[in-house]
>>> print(open('structure.tsv').read())   # TSV, C-alpha atoms
chain	number	residue	atom	x	y	z
A	200	MET	CA	15.40	-20.85	0.44
A	201	ARG	CA	16.51	-17.26	-0.16
A	202	ALA	CA	14.56	-14.39	1.39
A	203	VAL	CA	14.81	-10.66	2.11
A	204	THR	CA	15.24	-10.25	5.86
A	205	TRP	CA	15.26	-7.25	8.18
A	206	HIS	CA	18.29	-6.71	10.44
A	207	GLY	CA	18.04	-3.10	11.60
A	208	ILE	CA	17.25	0.43	10.51
A	209	GLU	CA	18.02	0.68	6.78
A	210	ASP	CA	19.61	-2.78	6.92
A	211	VAL	CA	17.92	-5.51	4.87
A	212	ARG	CA	19.76	-8.60	3.64
A	213	VAL	CA	19.14	-11.56	1.39
A	214	GLU	CA	20.01	-14.78	3.16
A	215	GLU	CA	19.23	-18.47	3.46
A	216	VAL	CA	16.28	-19.28	5.73
A	217	PRO	CA	14.31	-22.49	6.35
A	218	ASP	CA	11.70	-23.41	3.76
A	219	PRO	CA	8.11	-22.84	4.92
A	220	ARG	CA	5.86	-25.84	5.52
A	221	ILE	CA	2.15	-26.55	5.81
A	222	GLN	CA	1.06	-25.83	9.39
A	223	GLN	CA	-2.74	-25.76	9.11
A	224	PRO	CA	-5.14	-27.63	6.81
A	225	THR	CA	-6.07	-24.33	5.10
A	226	ASP	CA	-2.44	-23.43	4.26
A	227	ALA	CA	-0.77	-23.48	0.87
A	228	ILE	CA	2.86	-23.11	-0.15
A	229	VAL	CA	3.46	-20.76	-3.09
A	230	ARG	CA	6.67	-20.56	-5.11
A	231	VAL	CA	7.10	-16.85	-5.81
A	232	THR	CA	7.58	-15.72	-9.41
A	233	SER	CA	7.34	-11.96	-8.78
A	234	THR	CA	7.33	-9.84	-5.62
A	235	ALA	CA	7.35	-6.06	-5.27
A	236	ILE	CA	8.81	-3.53	-2.87
A	237	CYS	CA	5.90	-1.43	-1.61
A	238	GLY	CA	6.01	2.11	-0.27
A	239	SER	CA	4.76	0.64	3.00
A	240	ASP	CA	7.89	-1.52	3.13
A	241	LEU	CA	9.88	1.69	3.44
A	242	HIS	CA	8.15	2.32	6.79
A	243	LEU	CA	9.67	-0.99	7.94
A	244	TYR	CA	13.02	0.03	6.53
A	245	LYS	CA	13.17	2.87	9.05
A	246	VAL	CA	10.18	4.18	11.04
A	247	LEU	CA	8.62	0.92	12.29
A	248	ALA	CA	11.89	-0.73	13.33
A	249	PRO	CA	10.68	-1.19	16.95
A	250	TYR	CA	8.15	-3.77	15.74
A	251	LEU	CA	10.61	-5.96	13.85
A	252	GLN	CA	13.11	-8.60	14.85
A	253	PRO	CA	16.34	-9.46	13.03
A	254	GLY	CA	15.58	-12.14	10.49
A	255	ASP	CA	11.95	-11.16	9.85
A	256	ILE	CA	11.04	-11.84	6.22
A	257	LEU	CA	9.66	-8.77	4.46
A	258	GLY	CA	7.23	-8.22	1.61
A	259	HIS	CA	3.48	-8.30	1.10
A	260	GLU	CA	3.03	-7.96	-2.68
A	261	PHE	CA	3.66	-11.29	-4.37
A	262	MET	CA	2.38	-13.92	-6.76
A	263	GLY	CA	3.51	-17.32	-7.92
A	264	ILE	CA	2.72	-20.99	-8.45
A	265	VAL	CA	1.07	-23.25	-5.90
A	266	GLU	CA	3.50	-25.98	-4.80
A	267	GLU	CA	1.52	-27.64	-2.03
A	268	VAL	CA	-1.92	-27.36	-0.44
A	269	GLY	CA	-3.30	-28.41	2.92
A	270	SER	CA	-6.12	-30.92	3.27
A	271	GLY	CA	-8.64	-28.12	3.83
A	272	VAL	CA	-7.93	-26.32	0.54
A	273	ASP	CA	-10.17	-27.48	-2.29
A	274	ASN	CA	-10.21	-24.31	-4.40
A	275	LEU	CA	-6.56	-24.56	-5.43
A	276	ALA	CA	-4.37	-27.28	-6.90
A	277	VAL	CA	-0.65	-27.75	-7.30
A	278	GLY	CA	0.45	-25.83	-10.38
A	279	ASP	CA	-2.18	-23.09	-10.15
A	280	ARG	CA	-0.98	-19.56	-10.77
A	281	VAL	CA	-2.11	-17.16	-8.05
A	282	VAL	CA	-1.71	-13.63	-6.74
A	283	VAL	CA	-2.04	-13.25	-2.98
A	284	PRO	CA	-3.76	-10.32	-1.20
A	285	PHE	CA	-1.56	-8.62	1.38
A	286	ASN	CA	-4.13	-8.96	4.16
A	287	ILE	CA	-4.91	-12.44	5.47
A	288	SER	CA	-8.63	-13.07	5.88
A	289	CYS	CA	-10.76	-16.15	6.42
A	290	GLY	CA	-13.66	-15.18	4.18
A	291	SER	CA	-16.35	-16.42	6.57
A	292	CYS	CA	-16.35	-14.41	9.84
A	293	TRP	CA	-18.71	-11.52	10.72
A	294	MET	CA	-16.34	-8.93	9.20
A	295	CYS	CA	-15.56	-10.97	6.09
A	296	ASP	CA	-19.28	-11.58	5.48
A	297	ARG	CA	-19.56	-7.79	5.20
A	298	LYS	CA	-16.50	-7.61	2.89
A	299	LEU	CA	-14.46	-5.87	5.60
A	300	TYR	CA	-11.56	-8.19	5.00
A	301	ALA	CA	-8.89	-5.99	6.56
A	302	GLN	CA	-10.73	-6.45	9.87
A	303	CYS	CA	-11.10	-10.24	9.64
A	304	GLU	CA	-12.03	-11.49	13.11
A	305	THR	CA	-10.23	-14.80	12.59
A	306	THR	CA	-6.83	-13.21	11.99
A	307	GLN	CA	-7.27	-10.01	14.02
A	308	ASN	CA	-4.33	-9.23	16.30
A	309	ARG	CA	-6.35	-8.50	19.42
A	310	ASP	CA	-3.33	-8.52	21.73
A	311	GLN	CA	-1.96	-5.61	19.69
A	312	GLY	CA	-5.30	-3.87	19.22
A	313	LYS	CA	-4.91	-4.24	15.43
A	314	GLY	CA	-6.85	-5.65	12.52
A	315	ALA	CA	-6.26	-8.62	10.24
A	316	SER	CA	-2.81	-10.12	9.93
A	317	LEU	CA	-0.64	-8.95	7.05
A	318	PHE	CA	2.17	-10.67	5.21
A	319	GLY	CA	5.63	-9.43	6.17
A	320	TYR	CA	4.43	-6.55	8.32
A	321	THR	CA	5.74	-6.55	11.90
A	322	SER	CA	4.58	-7.97	15.21
A	323	MET	CA	1.64	-5.54	15.19
A	324	TYR	CA	0.07	-7.53	12.37
A	325	GLY	CA	0.92	-11.10	13.21
A	326	ALA	CA	4.64	-11.33	12.36
A	327	VAL	CA	3.71	-13.48	9.35
A	328	PRO	CA	6.73	-14.20	7.10
A	329	GLY	CA	6.47	-12.15	3.94
A	330	GLY	CA	6.60	-12.59	0.21
A	331	GLN	CA	10.05	-11.29	-0.73
A	332	ALA	CA	11.26	-14.86	-0.77
A	333	GLU	CA	11.43	-17.94	-2.97
A	334	LEU	CA	8.61	-19.68	-1.08
A	335	VAL	CA	5.75	-18.43	1.12
A	336	ARG	CA	3.32	-20.17	3.44
A	337	VAL	CA	-0.12	-18.69	2.69
A	338	PRO	CA	-2.60	-19.06	5.58
A	339	HIS	CA	-6.32	-19.27	4.72
A	340	ALA	CA	-5.49	-20.28	1.19
A	341	ASP	CA	-9.03	-21.67	0.99
A	342	PHE	CA	-10.13	-18.05	0.53
A	343	GLY	CA	-7.33	-15.54	-0.03
A	344	PRO	CA	-5.32	-16.35	-3.19
A	345	ILE	CA	-6.76	-15.21	-6.50
A	346	LYS	CA	-6.52	-17.94	-9.12
A	347	LEU	CA	-5.35	-16.59	-12.47
A	348	ASP	CA	-6.13	-17.71	-16.01
A	349	GLY	CA	-4.05	-17.39	-19.16
A	350	ASP	CA	-0.42	-16.60	-19.74
A	351	LEU	CA	-0.27	-12.82	-19.50
A	352	PRO	CA	2.90	-11.39	-17.87
A	353	ASP	CA	3.13	-11.29	-14.09
A	354	GLU	CA	2.95	-7.50	-14.11
A	355	ARG	CA	-0.68	-7.67	-15.27
A	356	TYR	CA	-1.60	-9.41	-12.02
A	357	LEU	CA	0.99	-8.63	-9.35
A	358	TYR	CA	-0.56	-5.30	-8.38
A	359	LEU	CA	-3.84	-7.04	-7.47
A	360	SER	CA	-2.05	-7.98	-4.24
A	361	ASP	CA	-2.02	-4.42	-2.88
A	362	ILE	CA	-1.43	-1.17	-4.72
A	363	LEU	CA	-4.17	-1.52	-7.35
A	364	PRO	CA	-7.03	-2.36	-4.94
A	365	THR	CA	-5.61	0.12	-2.41
A	366	ALA	CA	-5.76	2.87	-5.02
A	367	TRP	CA	-9.17	1.72	-6.25
A	368	GLN	CA	-10.62	1.74	-2.74
A	369	GLY	CA	-9.02	5.12	-2.07
A	370	VAL	CA	-10.72	6.64	-5.10
A	371	LYS	CA	-14.05	4.98	-4.27
A	372	TYR	CA	-13.80	6.29	-0.70
A	373	ALA	CA	-13.18	9.81	-2.07
A	374	ASP	CA	-16.83	9.75	-3.20
A	375	VAL	CA	-16.38	11.99	-6.23
A	376	PRO	CA	-19.77	12.91	-7.75
A	377	ASP	CA	-20.54	12.75	-11.45
A	378	GLY	CA	-18.69	15.56	-13.17
A	379	GLY	CA	-16.60	16.14	-10.05
A	380	SER	CA	-12.93	16.52	-9.21
A	381	LEU	CA	-10.33	14.37	-7.50
A	382	LEU	CA	-7.08	15.63	-6.04
A	383	VAL	CA	-4.35	12.99	-5.59
A	384	LEU	CA	-1.63	13.97	-3.14
A	385	GLY	CA	1.50	11.92	-3.77
A	386	LEU	CA	2.21	10.33	-7.14
A	387	GLY	CA	4.09	7.29	-5.96
A	388	PRO	CA	2.86	3.78	-6.84
A	389	VAL	CA	-0.54	4.11	-5.14
A	390	GLY	CA	-1.04	7.69	-6.33
A	391	LEU	CA	-0.30	6.79	-9.94
A	392	MET	CA	-2.57	3.77	-9.69
A	393	ALA	CA	-5.24	6.11	-8.29
A	394	VAL	CA	-4.95	8.33	-11.36
A	395	ARG	CA	-5.48	5.22	-13.50
A	396	ALA	CA	-8.42	4.17	-11.35
A	397	ALA	CA	-10.01	7.62	-11.48
A	398	ARG	CA	-9.66	7.73	-15.23
A	399	GLN	CA	-11.25	4.27	-15.52
A	400	MET	CA	-14.15	5.39	-13.30
A	401	GLY	CA	-14.78	8.38	-15.55
A	402	ILE	CA	-13.79	11.13	-13.11
A	403	GLU	CA	-13.51	14.23	-15.25
A	404	THR	CA	-11.03	16.40	-13.32
A	405	ILE	CA	-7.96	14.65	-11.87
A	406	VAL	CA	-5.28	16.82	-10.27
A	407	GLY	CA	-2.00	15.33	-9.04
A	408	VAL	CA	0.53	16.83	-6.60
A	409	ASP	CA	4.10	15.69	-6.08
A	410	LEU	CA	7.60	17.15	-5.97
A	411	GLU	CA	9.48	14.50	-7.97
A	412	ARG	CA	9.71	15.21	-11.69
A	413	PRO	CA	9.56	11.55	-12.89
A	414	ARG	CA	6.36	11.05	-10.91
A	415	LEU	CA	4.80	14.25	-12.19
A	416	ASP	CA	5.70	13.26	-15.74
A	417	ALA	CA	4.15	9.83	-15.27
A	418	ALA	CA	0.89	11.38	-14.06
A	419	ALA	CA	0.91	13.85	-16.94
A	420	ALA	CA	1.16	10.94	-19.38
A	421	LEU	CA	-2.05	9.59	-17.84
A	422	GLY	CA	-3.87	12.88	-18.42
A	423	ALA	CA	-3.76	14.38	-14.93
A	424	THR	CA	-3.41	18.11	-14.33
A	425	LEU	CA	-0.23	18.66	-12.34
A	426	LEU	CA	0.77	20.84	-9.43
A	427	ASP	CA	4.44	20.82	-8.46
A	428	TYR	CA	4.63	20.92	-4.66
A	429	GLU	CA	7.90	22.82	-4.68
A	430	ALA	CA	7.09	25.22	-7.50
A	431	GLU	CA	3.61	26.28	-6.35
A	432	ASP	CA	3.50	28.96	-3.66
A	433	ASP	CA	-0.02	28.05	-2.55
A	434	ILE	CA	-1.29	24.56	-3.43
A	435	PRO	CA	-4.79	25.02	-1.91
A	436	ALA	CA	-5.29	28.24	-3.87
A	437	ALA	CA	-4.13	26.52	-7.05
A	438	VAL	CA	-6.59	23.66	-6.43
A	439	ARG	CA	-9.42	26.14	-5.92
A	440	ASP	CA	-8.47	27.87	-9.16
A	441	LEU	CA	-8.95	24.53	-10.93
A	442	THR	CA	-12.27	23.74	-9.24
A	443	ALA	CA	-14.49	26.79	-9.62
A	444	GLY	CA	-13.11	28.31	-6.44
A	445	ARG	CA	-14.47	25.58	-4.15
A	446	GLY	CA	-11.70	23.01	-3.75
A	447	ALA	CA	-11.67	19.37	-4.78
A	448	ASP	CA	-14.80	17.25	-4.30
A	449	GLY	CA	-12.60	14.39	-3.16
A	450	VAL	CA	-8.99	14.35	-2.00
A	451	LEU	CA	-6.88	11.19	-1.81
A	452	ASP	CA	-3.86	11.30	0.53
A	453	ALA	CA	-1.54	8.70	-0.99
A	454	VAL	CA	1.48	9.91	1.00
A	455	GLY	CA	1.08	9.09	4.68
A	456	MET	CA	3.36	9.43	7.67
A	457	GLU	CA	6.62	10.14	5.83
A	458	SER	CA	5.53	13.23	3.92
A	459	HIS	CA	7.80	16.17	3.26
A	460	GLY	CA	7.27	19.47	4.99
A	461	SER	CA	7.50	18.38	8.65
A	462	PRO	CA	11.19	18.58	9.65
A	463	VAL	CA	10.55	18.68	13.41
A	464	SER	CA	8.29	15.64	13.29
A	465	GLU	CA	10.86	13.85	11.13
A	466	ARG	CA	13.54	14.33	13.79
A	467	VAL	CA	11.22	13.20	16.58
A	468	ILE	CA	10.16	10.08	14.67
A	469	GLY	CA	13.77	9.26	13.83
A	470	ALA	CA	14.80	9.57	17.45
A	471	ALA	CA	11.92	7.39	18.66
A	472	SER	CA	12.69	4.61	16.18
A	473	ARG	CA	16.22	4.33	17.59
A	474	LEU	CA	15.20	3.89	21.22
A	475	PRO	CA	15.39	0.41	22.80
A	476	LYS	CA	12.43	-1.55	21.41
A	477	PRO	CA	10.14	-1.49	24.49
A	478	ALA	CA	10.67	2.24	24.96
A	479	ALA	CA	10.30	2.90	21.24
A	480	ARG	CA	7.02	0.98	21.05
A	481	ALA	CA	5.69	2.85	24.08
A	482	ALA	CA	6.68	6.19	22.55
A	483	ILE	CA	4.99	5.39	19.24
A	484	GLU	CA	1.83	3.90	20.73
A	485	HIS	CA	1.19	6.52	23.42
A	486	ALA	CA	3.02	9.69	22.36
A	487	GLY	CA	3.82	9.16	18.70
A	488	ILE	CA	3.36	11.83	16.06
A	489	ASP	CA	3.43	11.72	12.28
A	490	ARG	CA	4.66	14.02	9.57
A	491	LEU	CA	1.24	15.42	8.75
A	492	ALA	CA	1.94	17.88	5.96
A	493	ALA	CA	0.09	15.78	3.37
A	494	LEU	CA	-2.96	15.13	5.54
A	495	HIS	CA	-3.28	18.76	6.59
A	496	LEU	CA	-2.92	19.77	2.94
A	497	ALA	CA	-5.68	17.34	1.98
A	498	ILE	CA	-8.02	18.90	4.54
A	499	ASP	CA	-7.18	22.39	3.26
A	500	CYS	CA	-7.70	21.45	-0.41
A	501	ALA	CA	-11.05	19.70	0.00
A	502	ARG	CA	-14.17	21.71	-0.73
A	503	ARG	CA	-16.73	22.29	1.98
A	504	ALA	CA	-18.79	19.12	2.55
A	505	GLY	CA	-16.17	17.24	0.53
A	506	THR	CA	-14.39	13.98	1.31
A	507	VAL	CA	-10.82	13.21	2.30
A	508	SER	CA	-9.78	9.63	1.59
A	509	VAL	CA	-6.58	8.40	3.22
A	510	SER	CA	-4.65	5.50	1.70
A	511	GLY	CA	-1.30	6.61	3.12
A	512	VAL	CA	-0.23	4.89	6.33
A	513	TYR	CA	-0.32	6.85	9.59
A	514	GLY	CA	0.63	5.58	13.03
A	515	GLY	CA	0.94	8.47	15.47
A	516	ALA	CA	-1.16	8.27	18.62
A	517	MET	CA	-0.85	11.99	19.39
A	518	SER	CA	-0.81	13.55	15.93
A	519	PRO	CA	-2.41	17.02	16.02
A	520	MET	CA	-5.40	17.50	13.73
A	521	PRO	CA	-7.18	20.68	12.59
A	522	LEU	CA	-10.50	19.65	14.06
A	523	MET	CA	-12.01	23.11	13.76
A	524	ASP	CA	-11.47	23.10	10.00
A	525	ILE	CA	-12.76	19.53	9.64
A	526	PHE	CA	-15.91	20.40	11.60
A	527	ASP	CA	-16.49	23.80	10.03
A	528	LYS	CA	-16.04	22.50	6.49
A	529	GLY	CA	-18.24	19.47	7.19
A	530	LEU	CA	-15.68	17.06	5.79
A	531	THR	CA	-16.06	13.32	5.57
A	532	LEU	CA	-12.89	11.33	6.30
A	533	ARG	CA	-12.48	7.72	5.16
A	534	HIS	CA	-9.37	5.65	5.62
A	535	GLY	CA	-7.94	2.29	6.62
A	536	GLN	CA	-6.29	-0.83	5.23
A	537	CYS	CA	-7.62	-1.96	1.88
A	538	HIS	CA	-10.24	-4.73	1.89
A	539	VAL	CA	-8.46	-6.34	-1.06
A	540	ARG	CA	-10.88	-9.18	-1.82
A	541	ALA	CA	-13.82	-6.74	-1.91
A	542	TRP	CA	-12.46	-5.38	-5.20
A	543	THR	CA	-11.00	-8.54	-6.73
A	544	ASP	CA	-13.69	-9.43	-9.27
A	545	GLU	CA	-13.83	-6.09	-11.08
A	546	LEU	CA	-10.07	-5.51	-10.92
A	547	HIS	CA	-9.23	-9.02	-12.11
A	548	ARG	CA	-11.43	-8.42	-15.15
A	549	LEU	CA	-9.57	-5.19	-15.91
A	550	ALA	CA	-6.15	-6.77	-15.33
A	551	LYS	CA	-6.75	-9.57	-17.82
A	552	ASP	CA	-8.46	-7.37	-20.42
A	553	PRO	CA	-6.29	-7.70	-23.57
A	554	SER	CA	-6.39	-3.91	-24.07
A	555	ASP	CA	-4.77	-3.35	-20.64
A	556	PRO	CA	-7.05	-0.37	-19.80
A	557	LEU	CA	-5.16	0.42	-16.58
A	558	GLU	CA	-1.78	0.32	-18.34
A	559	LEU	CA	-0.37	-2.15	-15.85
A	560	GLU	CA	2.31	-3.53	-18.15
A	561	GLY	CA	5.32	-1.26	-17.99
A	562	PHE	CA	4.22	0.38	-14.74
A	563	ALA	CA	7.30	-0.82	-12.87
A	564	THR	CA	10.33	1.40	-13.41
A	565	HIS	CA	12.61	-1.39	-12.17
A	566	PRO	CA	11.16	-4.76	-13.26
A	567	GLY	CA	12.86	-8.14	-13.22
A	568	VAL	CA	15.40	-7.27	-10.51
A	569	PRO	CA	17.09	-10.37	-9.02
A	570	LEU	CA	16.09	-11.00	-5.42
A	571	ASP	CA	19.73	-10.73	-4.35
A	572	ASN	CA	19.68	-7.06	-5.39
A	573	ALA	CA	16.91	-6.21	-2.92
A	574	PRO	CA	19.11	-4.29	-0.43
A	575	GLU	CA	20.31	-1.81	-3.02
A	576	MET	CA	16.80	-1.44	-4.46
A	577	TYR	CA	15.38	-0.61	-1.02
A	578	GLU	CA	17.89	2.23	-0.82
A	579	THR	CA	17.18	3.35	-4.39
A	580	PHE	CA	13.43	3.39	-3.76
A	581	GLN	CA	13.74	5.18	-0.41
A	582	LYS	CA	15.95	7.90	-1.88
A	583	LYS	CA	13.88	8.11	-5.11
A	584	GLN	CA	17.01	7.61	-7.16
A	585	ASP	CA	17.10	6.57	-10.82
A	586	GLY	CA	13.49	7.66	-11.30
A	587	CYS	CA	12.38	4.76	-9.09
A	588	ILE	CA	8.61	4.36	-8.70
A	589	LYS	CA	8.10	0.59	-8.53
A	590	VAL	CA	10.49	-2.33	-8.10
A	591	ILE	CA	9.67	-5.92	-8.99
A	592	LEU	CA	11.98	-8.59	-7.60
A	593	GLN	CA	12.22	-12.03	-9.13
A	594	PRO	CA	13.56	-14.89	-6.97
>>> encode(input="structure.tsv", output="structure tokens")
Amino acid sequence: MRAVTWHGIEDVRVEEVPDPRIQQPTDAIVRVTSTAICGSDLHLYKVLAPYLQPGDILGHEFMGIVEEVGSGVDNLAVGDRVVVPFNISCGSCWMCDRKLYAQCETTQNRDQGKGASLFGYTSMYGAVPGGQAELVRVPHADFGPIKLDGDLPDERYLYLSDILPTAWQGVKYADVPDGGSLLVLGLGPVGLMAVRAARQMGIETIVGVDLERPRLDAAAALGATLLDYEAEDDIPAAVRDLTAGRGADGVLDAVGMESHGSPVSERVIGAASRLPKPAARAAIEHAGIDRLAALHLAIDCARRAGTVSVSGVYGGAMSPMPLMDIFDKGLTLRHGQCHVRAWTDELHRLAKDPSDPLELEGFATHPGVPLDNAPEMYETFQKKQDGCIKVILQP
């Protein structure tokens, strides 16, 4: 089969690899109809290179048709249309019983000190072959895949794999009170989904911050109040002006470790990622830092006794934090991988609603891209060229 494989920093290729096969009774094989490039994939493209091996298959947002099921899978049949959550969870362990699926104890990577395994996301999370491929082996298919009804376009359902529940959880974690305000930092795919989610939840004041004009325009079309990161002299002051002088009730950091505004950190991270793999992993795990401009901005913009919700990925072991401000302001911080299946029922209902209340159709700026064009689309997405916000590949 054809698959998108990693071969080095900013070097992904589409090549022939062996077809996956059933390995456990609870496995299924899914033929992929649509698969997306996620913002988190860009971390693999560059920053997290020390945790990848040449030939690793990328991708964790995908959907398709069931081709084969193991003997332990009785909830799916050949021919079923499914979307697959990016985290792999058993559905029956202590964590899963509490809907903490990203911490599934059956697929936890204890040797790495990490949570549940993820599709296509490095040796830290199980080195499970990903979904940017023609075929995927889906472990724990007796629980994970979401069976779909009807014949709506793939784009209605694909985002249930990651960015929609990630945004939904991020907004929920922001704990915005009735009549309150939400600040969304970063209007990439998750940030724009968060604006949709906040609107659906009835949050009255939604403020979005970014520095890319196409992303600002997209948020404006959804009804958000905009702050241009490069044009505003003082973003926290501007947020306070919009929120009765207090700051936002909830702030969602949808940017993460590769934010703008931290040139020194950027150089340090770039240097670490190019070290020999054992040295690079040691540097990241014991002395790593992140580009923290977005997170520090979130803390500054939140009102006293407010909440900062972090959906953006961070990985630095030694990242400096303004603990005095966090303590003095009495902030609540919530973060972590999305527990995708915790949100499936309500989001599936919204996705298949004929009125498309979340405006999922047309969200992708680059839909229907042939899988063979993945290398150039990784570069386009990383460099934010051609107004790129979301890419959907079709094998």
>>> closest_residue(input="structure.tsv", among="A:Gly314, A:Gly511, A:Pro364, A:Pro519", to="Asp452 in chain A", atoms="only C-alpha atoms")
A:Gly511
>>> residues_around(input="structure.tsv", residues="range 292-301 of chain A", least_positions_apart="5", cutoff="7 Å", atoms="all atoms listed in the file", output="list in words")
Asn286, Gly314, Ala315, Gln536, Cys537, His538, Arg540 and Ala541 of chain A
>>> atom_distance(input="structure.tsv", atom1="CA of Ala393 in chain A", atom2="CA of Gly329 in chain A")
24.9 Å
>>> atom_distance(input="structure.tsv", atom1="CA of Asp273 in chain A", atom2="CA of Thr225 in chain A")
9.0 Å
>>> atom_distance(input="structure.tsv", atom1="CA of Val389 in chain A", atom2="CA of Glu214 in chain A")
29.1 Å
>>> closest_residue(input="structure.tsv", among="A:Arg490, A:Lys371, A:Arg280, A:Arg502", to="Tyr356 in chain A", atoms="only C-alpha atoms")
A:Arg280
>>> residues_around(input="structure.tsv", residues="Gly529 in chain A", least_positions_apart="2", cutoff="8 Å", atoms="only C-alpha atoms", output="list in words")
Arg503, Ala504, Gly505, Ile525, Phe526, Asp527 and Thr531 of chain A
>>> closest_atom_pairs(input="structure.tsv", of="range 525-565 of chain A", to="range 372-387 of chain A", cutoff="10 Å", atoms="all atoms listed in the file", output="Markdown table")
| residue | atom | partner | partner_atom | distance |
| --- | --- | --- | --- | --- |
| A:Thr531 | CA | A:Ala373 | CA | 8.9 |
| A:Leu532 | CA | A:Ala373 | CA | 8.5 |
| A:Arg533 | CA | A:Tyr372 | CA | 6.2 |
| A:His534 | CA | A:Tyr372 | CA | 7.7 |
